[in-house]
Amino acid sequence: MKKIGVLTGDFAIDLYQSIPCKVGNKYLRVQVDGGVNPCCVMGTTMGNIAEKDYHEVWFSDSYSVFRERMENIHHEKFHLTDPEWAFCQQCPHSEVNLETYYESEVEKDPKKVSSEDMRAAVFQKIAEKKGNG
Amino acid sequence: MKSYLVHEGDNLDALKSALSQTMPDELFLLRFHPGLSDEGRKVAIELLGKTTRQGCVVLDVMDRGTPVIHHPLISLIQQAGIPNLCVAMDLNPGPAQMGPFEALHHKHPRDRSQTGVDFEGIRGYFKDRFQVFPLVKFQEESQLDVLYPTLMVFADAGIRWVQLEPLFPNYDVAVKIKNTFKMLRMLQRTKLQIQFSYFLENRRVWNSKTDNLFSGPIKLDMDVSNTCTHNCTFCTYYSDAGMEENKKAHGGKLSPDRVKLLAAKLDTDRGMKFLKALPDSVEFIQFGGIGDPYTHPQIDDFIQVARNRGFTSSILTNFSYMDHARLDRLHRLAGPSGWELHYVVNLAASTGETYVKVRPNQTPATFEKVIRHIQYANRLHEADPTRRIGFTLLLVLNKYNFRDMVHFVSLAGELGVNQAWIKPMEIHSDIHKEQLPVGSELEEYKGLVMKSILLADRLGLKLHNRHLLQAMLNKETT
């Protein structure tokens, strides 16, 4: 496993090892050639806006496969062993995933709590889930 | 997208303020509290018509005993030039609910929606006057049994936008709604935009709990240009080291692939079409690219379309391509807080001297120009406090600039920016590794991070990802 570095800005590992990745539900990136990535650190495209409209790309089969895979990243941890997914070790979307998990599990709008309170609640929820087996 | 619920006793100043911050192509949903007087409703409708071009009034299908098709407010909404009408109805099965709409229903016998209301009939009735959208309310779990056929009817009728409004704080039904969404996806009814009601306090929670892809993305990055005229030492593509590395591997010249990559820009028509087709879920868009977005000739047009739709727009740039006339135009697209139109300025230094170490092909004059333009944007705000172009000052840390850290925070404070962003460099190649502070510099580096945090706190300056910087101090070094 890659070491976490004081200089790399790679802080999010504790978080994304414990919660699903929902970036595919909340974010997309359009590249200069029109290719659409589901995550800004992932090179694979889900379609191209030169050929497809927004709906076709957003609901494409490749996007569905990506979403299903990322839903289980915290269980399967493939990003730690599969070089093709190593980009997840520099996850820039940990805050998006944190908010989504908070919304799903704690049932409050994250905009209405402080960042610190939200993080504390999420970590408590993760601990409870682990405790329940 | 903005929404506003008018209460009885409102002096309408808050509504006026919300309307004044609404962008030209942004949908503005106006709804009335049941206790609001007829006069209050009229005043609010007139105000909406006067100040927006994408207003939308929400009326119950049966409002105060009058069916919406015969409602006296309809002519007022039309006279006010409001182009959209949102009809709120209960999700209730059965012909017994038809009431005054029974006659309309018979004109459209194929309607099978389970709202008990012939929405297609209403839509057809108003077709020359308004775009009509449904808002479907439900109060109990049993009503969800008819959500699926209702949404299918809406999708097949070509309705492009529907709001759902669960009126009970019971998230147990989220699984049912989630399964409904799954079925719609399987049957490829994907053109229908489904938003949880903008009048719900916890609409984000509903979206997350139901995996609502029909809502659409919230955040977007749009890469518009791979071209840049600076050669930042930490840039994989434009640094001298990055250029040399590629040339070395290709006989002394940049490879054709690299030349093509660095010249690439987003096709303007495609980009515009995509921006205009995005759903109302989008809250935030950032324009960037491998290069600087300001090397795209139509960048300001992209920003204008995004801002006119009400998207919070951020641009990651070195900010050296600005001039006063351009800033004057951009100021008109800004909102009041400095976040609505926001520049992340990759400054990478706090003095001209350091600036040229990080950008060897620039001079201290470029640094001074960038600072002057930020100050000019601040003066535009002073002259017109209702709008403010906002800034994040970015310092990507490396061996050339880490000693600027504390002064950088001080400069950010002096410039009155929204926030400073001290960003440890991400390591993607040897180019980055070679620029890391080493040996005794590491302790100095960590000490400066701490001092910078303390100074920002003292100045009341927001530090982006402050908690990550603090966490970093406790982590093991590589």
# chains A, B, ... in the order shown; residues from 1 in each chain; ligands from 1
>>> interface_residues(of="chain B", to="chain A", cutoff="8 Å", atoms="only C-alpha atoms", output="PyMOL selection string")
chain B and resi 185+190-191+202+204-205+208-209+211-213+216-226+264-267+270-271+274+277-278+289+423-427+436+468+471-473+475-478
>>> write_last_selection(atoms="C-alpha atoms", output="compact mmCIF listing (two decimals), in the first residue's frame")
# COMPACT_ATOMS: atom_id res chain seq x y z
CA ARG B 185 -33.82 3.57 -16.01
CA THR B 190 -34.18 8.89 -19.08
CA LYS B 191 -35.21 12.18 -20.66
CA ASN B 202 -34.16 17.95 2.93
CA ARG B 204 -30.57 16.67 -0.92
CA VAL B 205 -31.17 13.86 1.55
CA SER B 208 -28.96 10.75 -1.94
CA LYS B 209 -31.19 8.17 -0.32
CA ASP B 211 -29.81 7.43 -5.77
CA ASN B 212 -31.71 9.89 -7.91
CA LEU B 213 -29.79 9.99 -11.18
CA GLY B 216 -28.45 14.96 -12.57
CA PRO B 217 -24.98 15.98 -11.49
CA ILE B 218 -24.39 18.71 -8.92
CA LYS B 219 -20.79 19.51 -9.80
CA LEU B 220 -19.06 19.71 -13.15
CA ASP B 221 -15.59 20.31 -14.43
CA MET B 222 -15.46 21.60 -17.97
CA ASP B 223 -12.04 21.54 -19.58
CA VAL B 224 -12.03 24.19 -22.26
CA SER B 225 -8.38 24.58 -23.20
CA ASN B 226 -5.11 22.70 -22.98
CA ALA B 264 -6.70 21.21 -28.08
CA LYS B 265 -9.68 23.35 -27.16
CA LEU B 266 -13.30 22.46 -26.49
CA ASP B 267 -15.48 22.95 -29.56
CA ARG B 270 -20.66 21.48 -28.59
CA GLY B 271 -19.75 23.03 -25.27
CA PHE B 274 -24.05 20.75 -23.55
CA ALA B 277 -28.89 20.94 -21.93
CA LEU B 278 -27.65 20.37 -18.39
CA GLY B 289 -8.16 22.24 -18.59
CA LYS B 423 -1.98 23.04 -1.56
CA PRO B 424 0.70 20.43 -1.08
CA MET B 425 1.88 19.32 -4.52
CA GLU B 426 0.41 16.11 -5.90
CA ILE B 427 3.06 13.71 -7.07
CA LEU B 436 9.81 18.56 -3.07
CA LEU B 468 -6.48 18.60 5.68
CA ALA B 471 -4.15 16.51 9.46
CA MET B 472 -1.10 16.60 7.23
CA LEU B 473 1.04 17.89 10.06
CA LYS B 475 0.99 12.32 9.17
CA GLU B 476 4.12 10.39 8.50
CA THR B 477 6.33 11.78 5.77
CA THR B 478 7.16 9.87 2.62
>>> select_by_dssp(residues="segment 60-112 of chain A", states="helix (DSSP H, G or I)", output="NGL selection string")
:A and (61-71 or 73-76 or 78-80 or 83-90 or 94-105 or 110-112)
>>> write_last_selection(atoms="N, CA and C atoms", output="compact mmCIF listing (two decimals), in the first residue's frame")
# COMPACT_ATOMS: atom_id res chain seq x y z
N ASP A 61 -24.49 2.80 -20.45
CA ASP A 61 -24.15 1.53 -19.76
C ASP A 61 -22.81 1.64 -19.05
N SER A 62 -21.85 2.30 -19.69
CA SER A 62 -20.53 2.39 -19.06
C SER A 62 -20.60 3.19 -17.76
N TYR A 63 -21.46 4.20 -17.72
CA TYR A 63 -21.63 4.97 -16.48
C TYR A 63 -22.24 4.07 -15.39
N SER A 64 -23.21 3.24 -15.79
CA SER A 64 -23.85 2.34 -14.81
C SER A 64 -22.84 1.37 -14.22
N VAL A 65 -21.98 0.82 -15.11
CA VAL A 65 -20.96 -0.13 -14.64
C VAL A 65 -20.02 0.57 -13.66
N PHE A 66 -19.62 1.78 -14.01
CA PHE A 66 -18.73 2.54 -13.13
C PHE A 66 -19.39 2.77 -11.77
N ARG A 67 -20.66 3.19 -11.80
CA ARG A 67 -21.35 3.49 -10.52
C ARG A 67 -21.44 2.25 -9.64
N GLU A 68 -21.77 1.13 -10.26
CA GLU A 68 -21.89 -0.11 -9.47
C GLU A 68 -20.56 -0.50 -8.85
N ARG A 69 -19.50 -0.36 -9.63
CA ARG A 69 -18.17 -0.72 -9.14
C ARG A 69 -17.80 0.16 -7.92
N MET A 70 -18.04 1.46 -8.08
CA MET A 70 -17.61 2.39 -7.04
C MET A 70 -18.46 2.29 -5.76
N GLU A 71 -19.65 1.79 -5.92
CA GLU A 71 -20.54 1.58 -4.77
C GLU A 71 -19.89 0.63 -3.76
N ILE A 73 -16.43 0.09 -3.47
CA ILE A 73 -14.97 0.29 -3.33
C ILE A 73 -14.51 0.12 -1.88
N HIS A 74 -15.39 0.48 -0.94
CA HIS A 74 -14.97 0.40 0.47
C HIS A 74 -14.97 -1.05 0.97
N HIS A 75 -15.66 -1.92 0.29
CA HIS A 75 -15.60 -3.34 0.66
C HIS A 75 -14.49 -4.05 -0.11
N GLU A 76 -14.45 -3.81 -1.41
CA GLU A 76 -13.52 -4.57 -2.26
C GLU A 76 -12.11 -4.00 -2.25
N PHE A 78 -10.37 -2.46 -4.28
CA PHE A 78 -9.58 -2.79 -5.47
C PHE A 78 -8.58 -1.70 -5.84
N HIS A 79 -8.84 -0.49 -5.36
CA HIS A 79 -7.93 0.61 -5.69
C HIS A 79 -6.57 0.45 -5.03
N LEU A 80 -6.50 -0.41 -4.02
CA LEU A 80 -5.22 -0.61 -3.33
C LEU A 80 -4.38 -1.71 -3.98
N PRO A 83 -3.62 -1.71 -10.26
CA PRO A 83 -3.00 -0.46 -10.74
C PRO A 83 -3.94 0.39 -11.58
N GLU A 84 -4.91 -0.25 -12.24
CA GLU A 84 -5.83 0.52 -13.08
C GLU A 84 -6.71 1.46 -12.26
N TRP A 85 -6.84 1.14 -10.97
CA TRP A 85 -7.69 1.98 -10.11
C TRP A 85 -6.87 2.76 -9.08
N ALA A 86 -5.55 2.77 -9.30
CA ALA A 86 -4.68 3.43 -8.31
C ALA A 86 -4.98 4.92 -8.18
N PHE A 87 -5.59 5.49 -9.23
CA PHE A 87 -5.89 6.93 -9.16
C PHE A 87 -6.81 7.27 -7.99
N CYS A 88 -7.56 6.27 -7.54
CA CYS A 88 -8.45 6.52 -6.39
C CYS A 88 -7.66 6.83 -5.12
N GLN A 89 -6.38 6.48 -5.12
CA GLN A 89 -5.59 6.78 -3.93
C GLN A 89 -5.31 8.27 -3.81
N GLN A 90 -5.59 9.02 -4.87
CA GLN A 90 -5.46 10.48 -4.77
C GLN A 90 -6.84 11.09 -4.93
N SER A 94 -13.34 13.26 -1.95
CA SER A 94 -13.69 12.72 -0.64
C SER A 94 -14.79 13.55 0.02
N GLU A 95 -14.80 14.86 -0.23
CA GLU A 95 -15.83 15.69 0.40
C GLU A 95 -17.21 15.39 -0.17
N VAL A 96 -17.27 15.16 -1.48
CA VAL A 96 -18.55 14.81 -2.12
C VAL A 96 -19.07 13.50 -1.52
N ASN A 97 -18.17 12.53 -1.41
CA ASN A 97 -18.57 11.24 -0.86
C ASN A 97 -18.97 11.35 0.61
N LEU A 98 -18.24 12.17 1.32
CA LEU A 98 -18.56 12.38 2.73
C LEU A 98 -19.97 12.98 2.88
N GLU A 99 -20.25 13.99 2.09
CA GLU A 99 -21.57 14.63 2.15
C GLU A 99 -22.68 13.65 1.78
N THR A 100 -22.43 12.88 0.73
CA THR A 100 -23.46 11.94 0.26
C THR A 100 -23.72 10.88 1.32
N TYR A 101 -22.66 10.40 1.93
CA TYR A 101 -22.82 9.39 2.98
C TYR A 101 -23.60 9.98 4.16
N TYR A 102 -23.26 11.20 4.48
CA TYR A 102 -23.93 11.89 5.58
C TYR A 102 -25.42 12.04 5.28
N GLU A 103 -25.72 12.45 4.06
CA GLU A 103 -27.13 12.61 3.66
C GLU A 103 -27.86 11.28 3.73
N SER A 104 -27.19 10.22 3.29
CA SER A 104 -27.83 8.90 3.24
C SER A 104 -28.01 8.29 4.61
N GLU A 105 -27.02 8.46 5.47
CA GLU A 105 -27.00 7.73 6.73
C GLU A 105 -27.41 8.57 7.94
N PRO A 110 -26.16 18.37 4.77
CA PRO A 110 -24.82 18.74 5.27
C PRO A 110 -24.55 20.23 5.23
N LYS A 111 -25.33 20.96 4.44
CA LYS A 111 -25.10 22.41 4.39
C LYS A 111 -25.50 23.07 5.71
N LYS A 112 -26.23 22.31 6.54
CA LYS A 112 -26.73 22.91 7.77
C LYS A 112 -25.89 22.55 9.00
>>> select_by_dssp(residues="chain A", states="strand (DSSP E or B)", output="ChimeraX atom specification")
/A:27-30,35-37,48
>>> atom_distance(atom1="atom CA of Arg64 of chain B", atom2="atom CA of Leu36 of chain B")
11.4 Å
>>> residues_around(residues="segment 390-392 of chain B", least_positions_apart="2", cutoff="7 Å", atoms="only C-alpha atoms", output="list in words")
Gly338, Trp339, Leu341, His342, Tyr343, Val344, Val345, Arg388, Leu394, Val417, Asn418, Gln419, Ala420 and Trp421 of chain B
>>> atom_distance(atom1="atom CA of Ile389 of chain B", atom2="atom CA of Asp269 of chain B")
26.4 Å
>>> closest_residue(among="B:Lys182, B:Lys273, B:Arg309, B:Lys127", to="Pro24 of chain B", atoms="only C-alpha atoms")
B:Arg309
>>> atom_distance(atom1="atom CA of Asn72 of chain A", atom2="atom CA of Asn48 of chain A")
26.1 Å
>>> residues_around(residues="Thr351 of chain B", least_positions_apart="3", cutoff="9 Å", atoms="only C-alpha atoms", output="compact mmCIF listing (two decimals) with C-alpha atoms, in the first residue's frame")
# COMPACT_ATOMS: atom_id res chain seq x y z
CA THR B 354 9.29 34.04 -6.31
CA TYR B 355 6.79 34.29 -9.16
CA VAL B 356 9.53 34.18 -11.76
CA PRO B 364 7.66 40.27 -11.95
CA PHE B 367 2.75 39.16 -10.94
CA GLU B 368 2.09 42.85 -10.36
CA ASP B 404 6.39 32.34 0.77
CA HIS B 407 3.52 36.00 3.44
CA PHE B 408 1.08 34.46 0.96
